[in-house]
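The block underneath contains the structure these notes are about, expressed in structure tokens.
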Amino acid sequence: MRRVRERARLARERVDLPRPVLLLLACLPGLAAVLALVLFAIGADRTAERADGSAETRPARPHQAPRPAIVPRSRWLEKDAPPQPPARYDDEVAAVFIHHTDSPNGYDCADAPRIIRGLYTGQTDAKHWDDIGYNFLVDRCGTIYEGRAGGVDRAVTGAHTQGFNHRTTGIAALGTFTAGVPVPQAMTDAIAALAAWKLGLTDSDPRGSVRLTSSNSLSRYAAGTTVLLPTLAGHSDGYMTSCPGAALAERLPAIRELAAHLQGRT
């Protein structure tokens with residue numbers, strides 16, 4: 001009996017009992033009230049345990065889009081490439097920045113891995129970066145490639161938008177999309193699908209906006225400045241550049257709408 005009372009005392013310290021439960025316990029005889037309190041505490045503990053990080057009990061995001069097919073970086077990265085340093089991560093992906101790679105457009109899609117490998121070499125050799133800056137790349141046929149290492153489903157810190165690499169994902173359209181250049185529909189559809197999935201992981205609306213803090217005064221904003229930016233933004237929204245090109249920038253509103261539709265938003 002003493003052990004039961006002691007467990008009940010501990011349970012009262014751990015559990016914030018609802019008023020109806022307290023009233024019910026007040027009506028029960030001594031031992032029954034103690035046992036009821038213990039059982040309530042055990043049930044509350046179990047509920048906490050289930051909600052305390054186990055994947056199967058986490059509620060599904062209400063606007064989670066399906067993950068599109070993504071070609072792994074092993075398909076374009078040479079086997080003798082230098083070893084990668086450990087990836088860096090943020091807590092979540094709160095926004096997506098759209099880029100173009102400023103490379104030729106008239107490529108065969110089967111040649112995309114070679115082109116991506118060339119971009120990687122240019123950024124790691126000439127610029128001395130530790131990896132390709134973009135988290136993802138999309139070719140004109142709509143094929144999505146994994147870019148920067150660290151895991152496509154994780155919030156990998158990229159090197160794509162000066163001042164705003166944290167808590168964002170960089171998606172690069174393979175090609176140059178200045179004013180008047182046609183932007184392939186397959187490419188924009190794939191960008192929308194990818195953005196819908198990544199932003200859906202945090203239930204972020206691609207048509208909305210988000211507050212981000214600049215980490216570098218070389219961006220459009222001084223380091224430490226918090227600004228309101230589109231959740232699905234163009235590179236030029238955060239940095240002084242013409243990227244992603246006027247033609248692709250014109251398609252951003254339609255990409256946002258399609259991404260929101262893929263998330264099941266109205």
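Here's how to read the names in the structure tokens: chain A, B, ... by the order shown, residue numbers from 1 in each chain, ligand numbers from 1 in the order shown.
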
Quiz item: Can you tell me, as a ChimeraX atom specification, what residues are no more than 10 Å from stretch 209-219 of chain A when counting only C-alpha atoms, ignoring any on the same chain fewer than 5 positions away?
Solution: /A:94-95,161-168,204,224-233,236-241

Practice problem: Would you list the contacts of stretch 132-143 of chain A as an MDAnalysis selection string, taking every protein, DNA or RNA residue within 7 Å and counting only C-alpha atoms, but skipping same-chain residues closer than 5 positions in sequence? | Solution: chainID A and resid 109 112 120 123:124 148 158:160 169:174 184 186:187 190:191

Exercise. With a distance cut-off of 7 Å and only C-alpha atoms, select the neighbouring residues of stretch 63-69 of chain A, excluding the residue or stretch itself and same-chain residues fewer than 3 positions from it, and output the selection as an MDAnalysis selection string.
Key: chainID A and resid 144 193:194 196:197 200:201 203 262:265

The selected residues should be written to file as an mmCIF file, in the first residue's frame (atoms: C-alpha atoms).
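Final file, out-v8.cif:
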```
data_model
loop_
_atom_site.group_PDB
_atom_site.id
_atom_site.type_symbol
_atom_site.label_atom_id
_atom_site.label_comp_id
_atom_site.auth_asym_id
_atom_site.auth_seq_id
_atom_site.Cartn_x
_atom_site.Cartn_y
_atom_site.Cartn_z
ATOM 1 C CA ILE A 144 15.970 15.740 -61.267
ATOM 2 C CA ALA A 193 7.222 18.869 -58.044
ATOM 3 C CA LEU A 194 10.567 19.035 -56.256
ATOM 4 C CA ALA A 196 6.321 21.007 -53.470
ATOM 5 C CA TRP A 197 7.916 17.981 -51.838
ATOM 6 C CA GLY A 200 5.801 20.127 -47.837
ATOM 7 C CA LEU A 201 8.186 18.618 -45.289
ATOM 8 C CA ASP A 203 4.050 22.379 -44.486
ATOM 9 C CA LEU A 262 0.671 19.314 -55.861
ATOM 10 C CA GLN A 263 0.553 19.882 -52.115
ATOM 11 C CA GLY A 264 -3.227 19.708 -52.245
ATOM 12 C CA ARG A 265 -3.779 23.387 -51.536
#
```

Practice problem: Quick one: pick out all strand (DSSP E or B) residues within stretch 129-226 of chain A from a backbone DSSP run and write them as a ChimeraX atom specification. | Solution: /A:136-138,144-146,156,168-173,209-213,226
